[in-house]
Every structure is written in structure tokens, then in C-alpha cells.
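Let me begin by presenting the structure, written as C-alpha cells, before commenting on it.
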Amino acid sequence: MKKIMLFMPDSAVDIDAELTTLGQLGVIHIAPLQAAKHESIERVDARIKQLEKAIAVLNRYGDEQHDRPDEDEITDYSKLERGAVFLMEKVLDAEHLRQELEDKKLNLSSDIKWFKQWGNTTLKDIKDLNQKGVWIKLYLLDDKSLKQFLDRDDIQVVGKLNGLNQVVLLTKCADEGLPELEELPFPQLELEDAKELLKATNKALESNKKLLSQLYAQKAVLEDGLKERLRRFSVRNVQFGGLSVDKQVRFWKGYIPIEYVEQFVKAAEKHHWGYVIEDPLPEEMEEVPTLVRTPRWAQRIQPVMDFMGLVPGYKEMDVSRVFMVFFTFFTGILVGDAGYGLVFLLLTFLVHRKKKFVKQIEFGLIYTLSLSILFWGVLTGTYFGSEVIADLPVLRHLRIEKLSSFGGDSIVVQKLMFLVGAVHLSVGHLQVAWKFNNSVRALAQFGWIAIIWGLYLIVNQMVLGIETPPIMLWLFVGGTLFIALFSKPGKNFFKGMLSSIGNLPLSIINGFSDIISYIRLYAVGLSTVLMAASFNQMAIGDGVTTLVSGIGAVLVLILGHGLNMVLAAMAVLVHGVRLNMLEYSGHAGVEFSGNEYTPFNLKDN
């Protein structure tokens with residue numbers, strides 16, 4: 001990555017075109033020299049929100065079928081200057097009117113409902129009584145509240161509504177009422193007037209709906225307008241993120257990958273931009289963005305990396321390949337139910353089909369994880385936590401008996417989890433060794449690998465009772481020797497060796513706890529199976545003898561397994577990510593201290 005200082009004339013007309021050209025080139029990561037603040041940014045941002053709202057409104061009417069309007073009825077906004085703005089205003093005005101009509105309809109329906117609930121009276125009769133000094137107050141009271149008023153002659157119960165008593169209070173004082181009880185309002189209109197106005201309101205709503213559904217045909221005008229505002233917004237943020245010199249020249253600081261330098265230089269010379277390209281200074285290394293080039297098959301892990309905000313530092317390794325492989329494997333073990341894997345697979349397929357099989361990396365990730373869950377579930381003979389299903393002839397021959405969730409050897413499974421942990425951590429050290437392949441420091445990583453496998457043997461003995469072989473001692477001796485000799489080579493050899501040995505005990509303890517940590521794969525996977533089996537027992541343990549018990553069993557199975565799948569998915573995010581982000585990354589020396597390479601790019605716009 002190279003650092004670049006870029007200079008352009010600070011002209012309001014020219015700089016928009018020049019920065020648009022730079023954005024279409026799409027290779028420079030801009031590091032703002034100041035906060036981008038200007039009234040034009042605020043105006044464009046407000047317009048973007050309005051256009052997005054108008055598009056969202058029209059999207060609700062995309063499936064409406066109406067006769068095509070005559071050309072005189074609907075304006076062709078694509079032919080108008082600032083047509084996107086005029087169409088946006090038309091749509092938002094129509095949406096505002098719709099909301100007003102909906103509120104009006106709700107109030108009118110409430111008035112009509114009042115007459116059905118309280119009787120066919122008229123507001124004129126109520127006003128006549130008021131003029132004669134008689135006031136009517138309406139209340140809804142439960143039986144307990146009503147008891148305290150039963151001895152009053154001015155209170156009458158006229159009916160029941162939703163389990164409450166309809167109570168009428170007759171009084172000669174307009175301000176008198178029942179204390180601490182809510183008085184119900186009278187309708188605003190007479191019954192017939194409300195019905196007529198409701199009819200007119202429904203007609204206006206239908207006309208408004210027709211207009212919006214017809215305007216949907218011109219949604220592309222709004223989308224084009226939105227793209228232009230998004231371009232302006234990006235350009236303005238870059239423009240005012242740079243510094244101006246005497247309002248004549250504006251300059252920016254940024255970073256560019258080495259392979260794009262020649263392409264940029266050609267464009268700069270063509271458009272007469274000034275630039276200085278050099279290597280970043282040592283104190284600027286934390287600011288240098290990280291450009292990670294991941295193989296296509298490993299790019300599926302990117303949504304997880306983005307969700308956790310994991311970006312390796314500029315001098316750190318790309319761990320996405322290892323993340324993808326082990327996260328997929330961990331997910332299979334943590335969920336470990338072929339039935340759940342099949343459900344996840346089918347749900348993903350249905351959602352993907354609804355989106356017309358659009359190419360999205362998220363779908364590829366979920367497909368992969370679902371297949372991993374399905375595969376591990378088949379190997380362990382786990383199908384919705386049911387031992388009966390697992391014992392079916394075809395499925396029984398597909399499982400590995402020692403790994404079986406029902407009657408398998410838990411010692412073998414736990415040993416496998418520790419083995420996975422040792423391999424995972426060893427891969428991290430092998431990657432560091434490859435990074436230092438031209439230095440003796442690589443040999444220190446092989447020392448750490450030896451210690452990891454020595455710790456693996458100790459864990460097997462302490463946790464599983466498996467006797468350690470004689471080679472364990474030599475793994476520690478050889479590993480310690482390699483670490484002491486090659487971790488910190490330099491002029492002061494003995495000082496580096498003593499420093500390495502001094503830090504070794506704590507590092508060994510951390511390595512021990514890291515390997516132990518992989519037992520969580522076994523524990524969480526087992527808990528998923530046990531919960532599934534428990535819900536099966538709750539639902540059909542005593543058999544299904546009646547229709548009611550059958551319905552209850554189905555509900556328990558759906559809700560129970562649904563909850564279990566949600567908890568399993570959460571376990572994947574917690575434990576599957578943790579083992580990669582903490583245990584493995586700690587041994588690979590990756591701290592995720594970087595910031596992502598995000599070039600100023602207008603190509604998509």
C-alpha cells in the first residue's frame with residue numbers, strides 16, 4: 001500500500017467533475033483530513049431520505065393492477081427537468097393524503113361503531129337534553145367497580161360490552177362525573193352523516209391508491225434521481241473532507257494499492273491532477289487500510305467477519321481461509337442435528353427462491369453451514385433428537401457408532417474435540433512460521449507447535465484419564481529449546497533467550513486453557529441433543545391418545561424445536577466465533593487492529 005497526497009483546483013464547478021472521475025476510477029482510500037461539514041451535504045442527505053421514502057411508498061403498490069392511464073392523466077416525469085423531484089413530491093403528497101384519509105376513516109368507523117354499541121340515538125337529542133340542564137355521561141365498568149354505584153338512582157346499566165357494564169350517569173351539572181373513572185366520548189357526527197362521509201373517504205382512498213399504483217410505473221425516475229444524489233453525497237463528503245489552500249487548491253491524503261498506482265498516474269496526468277506518492281511513514285502504519293484478497297470459496301465467511309468487525313491489521317495475516325474451514329466445522333458440531341440442518345437448508349432455499357436466487361454471499365454461507373450441520377448430524381445419528389428415527393435401517397448404517405449421540409463413546413468424542421483444538425492452534429503457528437519463512441524466527445513457531453501437542457497429551461490425561469506416551473516430555477523439552485533459541489534473535493542473544501524463557505510459563509498455562517476451551521464444542525452439541533430429546537419426551541412421551549393431546553404434542557414439538565434451533569444458532573455465534581477470534585487468532589498473532597480498505601468508488605452508482 002502506498003500513501004498519496006492528491007491536489008486539485010478548488011473550483012465549485014470543476015471539482016465535482018474531477019472527483020466524479022476519481023470516484024469512477026475507484027482505487028484510492030481517502031483518509032479525511034477534517035470532518036466533512038457543509039450545508040450542501042445536509043441538503044443532499046435530506047433529499048436522499050425523501051427519495052428513499054418515495055421509492056418505499058411506490059414499492060407497496062407494485063403488485064396493484066389498474067388500467068393503464070391515458071397520457072393526459074399522468075405526467076411523464078422522465079421528460080421533465082428535475083422530474084425526479086417533482087415525482088417525489090407527487091408521491092409524498094399522495095402518501096400524506098393517504099395517511100390523513102386512513103385516520104379519518106378510523107375516526108368515522110369508530111363513530112359508526114359507537115351507535116351500534118350504545119343504541120340508535122342522535123346527537124341532536126343529546127344537545128337538546130344539555131340545553132334543558134340534563135347531562136349524560138357514559139362509562140364502562142367491571143362488576144366490582146359497579147357494586148359501589150348500585151344504590152344510586154342517577155346511574156343506570158344499559159347493557160354489556162366486551163364483558164364490561166355499559167353505565168349511563170344522568171346529572172344536572174356538566175362538570176359532575178364518576179371520580180377516577182374514564183368518561184367515554186360521544187361521536188362527532190350523526191350516524192347517517194358518518195356513513196356518507198365514510199363512503200366518500202373510501203372512494204378517495206381508492207382514487208389515491210390508483211394514482212400511486214400508476215405512478216409505480218415511473219419508479220425508475222426516482223431510482224435514477226437517488227443514484228445521482230448518492231453520487232453527490234459521496235463527492236461532497238470527499239470534497240469537504242480535504243483541506244483548501246486559499247480557496248485555490250484542495251488536497252487530500254489517501255492510500256492506494258501498489259498495483260493500481262500506474263492506472264492512477266495515467267488518469268492524473270490526463271486530468272492534470274497533482275500528486276505525491278510515497279511509502280507510509282512508520283508512525284502512520286496504524287492508519288494504513290488493509291486490503292484482503294480472499295479466495296472465492298473463503299469469501300463466504302465475510303458476513304461473519306463484518307458482523308464482528310474483524311479486520312486484520314496492515315501487517316497481520318489474512319485468516320479468512322482458516323476461519324471459513326473451522327467455523328463451518330464448529331457449526332456442524334455445535335448444532336449437530338441433521339433434522340435441524342435440513343430445516344435450515346429448506347428455509348434458506350425458500351427465502352433465496354423468493355428473492356429470485358439473487359447472488360448474495362450470505363446465502364452461500366448459510367447453505368454451507370446447513371450442509372455442515374446435516375453432515376455431522378448424519379455421522380452422529382441425530383435427527384430432531386429422536387433415537388427412533390436414528391435407528392431406522394438406512395440411517396443406522398450411515399452413522400459412526402463411536403460418535404453416535406445415542407450410545408456412542410463420549411471419551412472418543414471429547415478426545416476428538418481436543419484434537420481439533422490442537423490442530424486449530426497448530427495451524428495458527430504454521431501460518432506465523434510461513435510469515436517468517438526467511439528468518440530463524442520460524443523455528444520458534446515449530447517449538448510452540450511441539451508444546452501444543454504436549455499440552456494436548458496432558459489434557460487427555462487430566463480430563464479423560466488417557467495415559468501420556470513418553471514422547472510428551474521430549475515435546476516440551478524440544479519446544480522450549482526452539483522457543484528460547486529462536487523467538488527473539490538479535491545482537492543480544494542471551495537477553496532475548498532469557499526473555500523468551502521468562503514468558504514461557506504463562507504462555508504454556510494460556511495454551512493449556514486454550515485447548516481445554518475446545519471441550520465447549522462437545523458440551524454445547526450435547527446440550528442441543530438433550531434439549532431436543534426432552535421436548536420429544538414432553539410431547540409424545542406418554543403417547544398421543546386424543547385429538548387434544550395430538551394438537552398439544554404438535555405445538556410442543558414445533559415450539560420446543562424452534563426454540564432449540566434459535567439457541568443453537570446463538571451458540572454458533574458465541575462459541576464458533578470465539579474459538580476462531582480468541583484461541584486461534586491469539587496463537588496466529590492476529591489482533592484485528594486494522595481498518596478496511598474502502599476506496600472512494602462511484603462505479604456502482
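Going by the C-alpha cells order, chains are called A, B, ..., each with residues numbered from 1, while ligands are numbered from 1 in the order shown.
Non-sequential neighbours of Ile452 in chain A (distance at most 8 Å, separation of 3 or more positions within a chain, only C-alpha atoms) are Ala422, Leu425, Ser426, Trp448, Ile449, Leu455, Tyr456, Gly511 and Phe512 of chain A.
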Return as JSON, numbers by chain the full set of residues in range 261-463 of chain A whose backbone-based DSSP assignment is strand (DSSP E). {"A": [274, 275, 276, 277, 278]}
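Closest approach to Thr21 in chain A among A:Trp273, A:Phe86, A:Tyr139, A:Phe418: A:Trp273, based on only C-alpha atoms.
Between Ser513 in chain A and the residues A:Leu555, A:Pro179, A:Glu583, A:Val292, the shortest atom-to-atom distance, using only C-alpha atoms, involves A:Glu583.
If you look at CA of Gln360 in chain A and CA of Met324 in chain A, they are 16.5 Å away from each other.
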Length of the CA of Lys402 in chain A to CA of Gly421 in chain A vector [Å]: 19.4 Å
Give me, as a PDB file with N, CA, C and O atoms, in the first residue's frame, all polymer residues having an atom no more than 12 Å from Gln99 in chain A, counting only C-alpha atoms and skipping those fewer than 5 positions away in the same chain.
ATOM      1  N   VAL A  57     -42.634   3.977  -0.683  1.00  0.00           N
ATOM      2  CA  VAL A  57     -44.086   4.115  -0.834  1.00  0.00           C
ATOM      3  C   VAL A  57     -44.546   3.423  -2.110  1.00  0.00           C
ATOM      4  O   VAL A  57     -45.515   2.636  -2.101  1.00  0.00           O
ATOM      5  N   LEU A  92     -45.025  11.743  -2.306  1.00  0.00           N
ATOM      6  CA  LEU A  92     -45.078  12.032  -0.866  1.00  0.00           C
ATOM      7  C   LEU A  92     -46.355  12.765  -0.496  1.00  0.00           C
ATOM      8  O   LEU A  92     -46.923  12.531   0.584  1.00  0.00           O
ATOM      9  N   ASP A  93     -46.831  13.651  -1.383  1.00  0.00           N
ATOM     10  CA  ASP A  93     -48.113  14.323  -1.132  1.00  0.00           C
ATOM     11  C   ASP A  93     -49.251  13.306  -1.112  1.00  0.00           C
ATOM     12  O   ASP A  93     -50.153  13.374  -0.259  1.00  0.00           O
ATOM     13  N   ALA A  94     -49.215  12.372  -2.076  1.00  0.00           N
ATOM     14  CA  ALA A  94     -50.251  11.338  -2.129  1.00  0.00           C
ATOM     15  C   ALA A  94     -50.196  10.446  -0.890  1.00  0.00           C
ATOM     16  O   ALA A  94     -51.228  10.054  -0.334  1.00  0.00           O
ATOM     17  N   LYS A 104     -58.948   9.544   9.107  1.00  0.00           N
ATOM     18  CA  LYS A 104     -60.343   9.971   9.029  1.00  0.00           C
ATOM     19  C   LYS A 104     -61.271   8.761   8.991  1.00  0.00           C
ATOM     20  O   LYS A 104     -62.320   8.732   9.655  1.00  0.00           O
ATOM     21  N   LYS A 105     -60.884   7.752   8.214  1.00  0.00           N
ATOM     22  CA  LYS A 105     -61.676   6.533   8.109  1.00  0.00           C
ATOM     23  C   LYS A 105     -61.781   5.835   9.460  1.00  0.00           C
ATOM     24  O   LYS A 105     -62.855   5.340   9.840  1.00  0.00           O
ATOM     25  N   LEU A 106     -60.674   5.836  10.187  1.00  0.00           N
ATOM     26  CA  LEU A 106     -60.659   5.201  11.502  1.00  0.00           C
ATOM     27  C   LEU A 106     -61.611   5.911  12.460  1.00  0.00           C
ATOM     28  O   LEU A 106     -62.376   5.265  13.196  1.00  0.00           O
ATOM     29  N   THR A 201     -64.864   8.890   1.894  1.00  0.00           N
ATOM     30  CA  THR A 201     -63.465   8.684   2.267  1.00  0.00           C
ATOM     31  C   THR A 201     -62.911   7.428   1.616  1.00  0.00           C
ATOM     32  O   THR A 201     -61.778   7.419   1.117  1.00  0.00           O
ATOM     33  N   ALA A 204     -62.173   8.213  -1.940  1.00  0.00           N
ATOM     34  CA  ALA A 204     -60.947   8.999  -2.074  1.00  0.00           C
ATOM     35  C   ALA A 204     -59.714   8.124  -1.878  1.00  0.00           C
ATOM     36  O   ALA A 204     -58.688   8.291  -2.554  1.00  0.00           O
ATOM     37  N   LEU A 205     -59.792   7.176  -0.944  1.00  0.00           N
ATOM     38  CA  LEU A 205     -58.677   6.256  -0.719  1.00  0.00           C
ATOM     39  C   LEU A 205     -58.415   5.383  -1.939  1.00  0.00           C
ATOM     40  O   LEU A 205     -57.257   5.143  -2.317  1.00  0.00           O
ATOM     41  N   ASN A 208     -56.750   7.494  -4.523  1.00  0.00           N
ATOM     42  CA  ASN A 208     -55.355   7.728  -4.143  1.00  0.00           C
ATOM     43  C   ASN A 208     -54.505   6.488  -4.402  1.00  0.00           C
ATOM     44  O   ASN A 208     -53.374   6.576  -4.886  1.00  0.00           O
ATOM     45  N   LYS A 209     -55.081   5.332  -4.096  1.00  0.00           N
ATOM     46  CA  LYS A 209     -54.380   4.070  -4.319  1.00  0.00           C
ATOM     47  C   LYS A 209     -54.126   3.852  -5.813  1.00  0.00           C
ATOM     48  O   LYS A 209     -53.041   3.394  -6.210  1.00  0.00           O
TER      49      LYS A 209
END
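Excluding Leu481 in chain A itself and same-chain residues fewer than 5 positions from it, the residues having an atom within 12 Å of it are A:Leu443, A:Ala444, A:Gln445, A:Phe446, A:Gly447, A:Trp448, A:Ala450, A:Ile451, A:Trp474, A:Leu475, A:Phe476, A:Phe486, A:Ser487, A:Met497, A:Leu498, A:Ser500, A:Ile501, A:Leu504, counting only C-alpha atoms.
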Okay, now the selection with C-alpha atoms, as a CSV table (one decimal), in the first residue's frame?
chain,number,residue,atom,x,y,z
A,443,LEU,CA,11.7,-22.3,14.1
A,444,ALA,CA,10.3,-20.8,17.3
A,445,GLN,CA,6.8,-21.5,15.9
A,446,PHE,CA,7.7,-25.2,15.5
A,447,GLY,CA,8.7,-25.1,19.1
A,448,TRP,CA,5.2,-23.8,20.0
A,450,ALA,CA,5.6,-29.1,19.9
A,451,ILE,CA,4.4,-27.6,23.2
A,474,TRP,CA,10.5,-34.5,24.6
A,475,LEU,CA,7.9,-32.3,23.0
A,476,PHE,CA,8.2,-29.9,26.0
A,486,PHE,CA,14.8,-18.6,18.0
A,487,SER,CA,12.0,-16.4,19.4
A,497,MET,CA,16.7,-16.0,25.3
A,498,LEU,CA,16.1,-15.2,29.0
A,500,SER,CA,11.6,-15.9,26.0
A,501,ILE,CA,12.1,-18.3,28.8
A,504,LEU,CA,7.1,-19.2,28.7
Gly541 in chain A: which residues within 12 Å, counting only C-alpha atoms, same-chain residues fewer than 4 positions away excluded, as a PyMOL selection string? chain A and resi 386+533-537+545+549-550+553+556-557
Write out, as a PDB file, in the first residue's frame, the residues just selected, with N, CA and C atoms.
ATOM      1  N   SER A 386     -34.298 -37.594  18.038  1.00  0.00           N
ATOM      2  CA  SER A 386     -35.114 -38.806  18.165  1.00  0.00           C
ATOM      3  C   SER A 386     -34.263 -40.057  17.940  1.00  0.00           C
ATOM      4  N   ALA A 533     -34.266 -34.062  22.696  1.00  0.00           N
ATOM      5  CA  ALA A 533     -34.855 -35.297  23.233  1.00  0.00           C
ATOM      6  C   ALA A 533     -35.862 -34.984  24.344  1.00  0.00           C
ATOM      7  N   SER A 534     -35.586 -33.969  25.150  1.00  0.00           N
ATOM      8  CA  SER A 534     -36.507 -33.599  26.239  1.00  0.00           C
ATOM      9  C   SER A 534     -37.833 -33.098  25.688  1.00  0.00           C
ATOM     10  N   PHE A 535     -37.782 -32.284  24.642  1.00  0.00           N
ATOM     11  CA  PHE A 535     -39.026 -31.798  24.033  1.00  0.00           C
ATOM     12  C   PHE A 535     -39.810 -32.950  23.396  1.00  0.00           C
ATOM     13  N   ASN A 536     -39.102 -33.913  22.827  1.00  0.00           N
ATOM     14  CA  ASN A 536     -39.788 -35.089  22.279  1.00  0.00           C
ATOM     15  C   ASN A 536     -40.501 -35.850  23.392  1.00  0.00           C
ATOM     16  N   GLN A 537     -39.835 -35.994  24.535  1.00  0.00           N
ATOM     17  CA  GLN A 537     -40.422 -36.712  25.666  1.00  0.00           C
ATOM     18  C   GLN A 537     -41.639 -35.966  26.205  1.00  0.00           C
ATOM     19  N   THR A 545     -53.229 -40.030  22.573  1.00  0.00           N
ATOM     20  CA  THR A 545     -54.442 -40.840  22.627  1.00  0.00           C
ATOM     21  C   THR A 545     -55.692 -40.098  22.170  1.00  0.00           C
ATOM     22  N   SER A 549     -54.628 -34.105  22.797  1.00  0.00           N
ATOM     23  CA  SER A 549     -53.238 -34.438  23.115  1.00  0.00           C
ATOM     24  C   SER A 549     -52.368 -34.408  21.863  1.00  0.00           C
ATOM     25  N   GLY A 550     -52.950 -34.757  20.712  1.00  0.00           N
ATOM     26  CA  GLY A 550     -52.212 -34.703  19.454  1.00  0.00           C
ATOM     27  C   GLY A 550     -51.857 -33.277  19.077  1.00  0.00           C
ATOM     28  N   ALA A 553     -49.220 -32.067  21.403  1.00  0.00           N
ATOM     29  CA  ALA A 553     -47.909 -32.632  21.072  1.00  0.00           C
ATOM     30  C   ALA A 553     -47.266 -31.896  19.905  1.00  0.00           C
ATOM     31  N   VAL A 556     -45.998 -28.508  21.109  1.00  0.00           N
ATOM     32  CA  VAL A 556     -44.779 -28.644  21.911  1.00  0.00           C
ATOM     33  C   VAL A 556     -43.580 -28.929  21.017  1.00  0.00           C
ATOM     34  N   LEU A 557     -43.778 -29.807  20.021  1.00  0.00           N
ATOM     35  CA  LEU A 557     -42.676 -30.140  19.111  1.00  0.00           C
ATOM     36  C   LEU A 557     -42.236 -28.926  18.299  1.00  0.00           C
TER      37      LEU A 557
END
Using only C-alpha atoms: which of A:Val304, A:Val554, A:Met565, A:Leu457 has the shortest distance to Leu342 in chain A: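 Closest to Leu342 in chain A, using only C-alpha atoms: A:Met565.
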For Asn237 in chain A: contacts at 12 Å, only C-alpha atoms, fewer than 3 positions along chain excluded, given as a ChimeraX atom specification: /A:16,19-20,23,30-42,44-45,230-234,240-243,252,600
